[in-house]
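Peer 1: Following this message is one structure expressed as structure tokens.
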Amino acid sequence: MKKRLLIATNNPGKVAEIQALLTGLDLELVTPADVGLTLEVVEDGQTYAENARLKALAFAQASGLISLADDSGLEVDALDGRPGLHSNRFGPQPTSDQSRRRYLLEQLTGKPQPWTARFRATVAVAWPDGAVRLTEGICEGEIIAEERGSNGFGYDPLFLLPELGRTMAELSMDEKNRLSHRARAVRQAIPILLDIQKA
């Protein structure tokens, strides 16, 4: 019987990305909804690693399954690395993807371009007994003043990959899963997941 791995997020965009990245593994990938789990984790860590660890451990202990969670953020140099850890809660509350993008551009108004930036992600794989392993991925780019593309979510329509001349939201899922910060962090975690598969 295949070992089960819980993708510890309630974000459908993240679920789709992570499932696509892990399709080659001999693991049964399940979501919180699949196992009847409703859990909101307070992300009060001071780093991406702390938040990813909090989420993965909470889901692993609540479900009894090995769980994979990520925490990620957008760091804009002209804003001294903001929104960073607060990327999901950036701007007047409550926020939506669209309002966060609008607020980001308001904060950048008048600042010299290019607005260099990076997406950073940390992935945590946690066991119900409390063990956790971490990996990280970074994707460099810049923020542009107008949204482009309809794929992706979050800040993707404003995040330009200069070497491609396209935003993250203009990439296909296959392309995004080669280049994105989350893809890089998840790929780094694959050796950990292969060990689970063999255990």
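Please note that chains go A, B, ... in the order of the structure tokens, that every chain numbers its residues from 1, and that ligands are numbered from 1 in the order shown.
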I'd like the neighbourhood of Thr47 of chain A as a list in words, where a residue qualifies if any of its atoms comes within 12 Å (using only C-alpha atoms), though same-chain residues fewer than 4 positions away should be ignored.

Peer 2: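 Contacts, with the query itself left out: Glu43, Asn51, Ala52, Arg53, Leu54, Asp70, Asp71, Ser72, Gly73, Gly84, Leu85, His86, Arg120, Ala121, Thr122 and Glu136 of chain A.
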
Peer 1: Compile the contact shell of segment 182-194 of chain A as an MDAnalysis selection string: residues with an atom at most 8 Å away, counting only C-alpha atoms, same-chain residues fewer than 4 positions apart removed.

Peer 2: chainID A and resid 17:18 21:22 25 70 72 120:123 125 133:138 176:178 198

Peer 1: Taking the chain letters and numbering used in this document, name the residues of chain A that DSSP puts in strand (DSSP E or B), as a ChimeraX atom specification.

Peer 2: /A:3-7,27-30,66-76,83,115-126,132-143,159-161,166-167

Peer 1: Can you work out the spacing between atom CA of Glu170 of chain A and atom CA of Gly149 of chain A in Å, to one decimal?

Peer 2: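 According to the coordinates, atom CA of Glu170 of chain A and atom CA of Gly149 of chain A are separated by 4.4 Å.
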
Peer 1: Report, in Å with one decimal, the straight-line distance from atom CA of Ala56 of chain A to atom CA of Ala69 of chain A.

Peer 2: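 Calculated distance between atom CA of Ala56 of chain A and atom CA of Ala69 of chain A is 4.9 Å.
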
Peer 1: What lies within 9 Å of Ile196 of chain A using only C-alpha atoms, ignoring chain neighbours under 5 positions off, as a PDB file with C-alpha atoms, in the first residue's frame?

Peer 2:
```pdb
ATOM      1  CA  LYS A   3       2.340   5.748   1.969  1.00  0.00           C
ATOM      2  CA  LEU A  27       3.051   8.300  -2.617  1.00  0.00           C
ATOM      3  CA  ILE A  66       3.494  12.818   7.290  1.00  0.00           C
ATOM      4  CA  PRO A 191      15.110  13.038  -1.568  1.00  0.00           C
TER       5      PRO A 191
END
```

Peer 1: If we count only C-alpha atoms and set the cut-off at 9 Å, which residues sit around Gly91 of chain A, ignoring sequence neighbours fewer than 4 positions away in its own chain? Please answer as a ChimeraX atom specification.

Peer 2: /A:95,99-100,102-104

Peer 1: Using C-alpha atoms, can you write the selected residues to a file as a compact mmCIF listing (two decimals), in the first residue's frame?

Peer 2:
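The resulting file, result.txt, is reproduced below:
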```txt
# COMPACT_ATOMS: atom_id res chain seq x y z
CA THR A 95 -7.24 41.48 1.71
CA SER A 99 -6.08 44.27 -3.29
CA ARG A 100 -2.60 43.10 -2.23
CA ARG A 102 -2.84 47.13 -5.90
CA TYR A 103 -1.41 48.02 -2.47
CA LEU A 104 2.06 46.80 -3.51
```

Peer 1: Near segment 79-82 of chain A, counting only C-alpha atoms, which residues have an atom at most 12 Å away, once you skip same-chain residues fewer than 5 positions from it, shown as a list in words?

Peer 2: Gly73, Leu74, Ser87, Asn88, Arg89, Phe90, Gly91, Tyr103, Leu104, Leu105, Glu106, Gln107, Leu108, Thr109, Gly110, Lys111, Pro112, Trp115, Thr116, Ala117, Arg118, Phe119, Arg120 and Ile143 of chain A

Peer 1: Please report, as a PyMOL selection string, each residue of chain A to which DSSP assigns alpha helix (DSSP H) when run on this structure's backbone.

Peer 2: chain A and resi 12-21+48-63+97-108+173-179+181-198

Peer 1: What does the distance from atom CA of Asn151 of chain A to atom CA of Gly13 of chain A come to in Å, to one decimal?

Peer 2: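 These atoms are spaced 9.9 Å apart.
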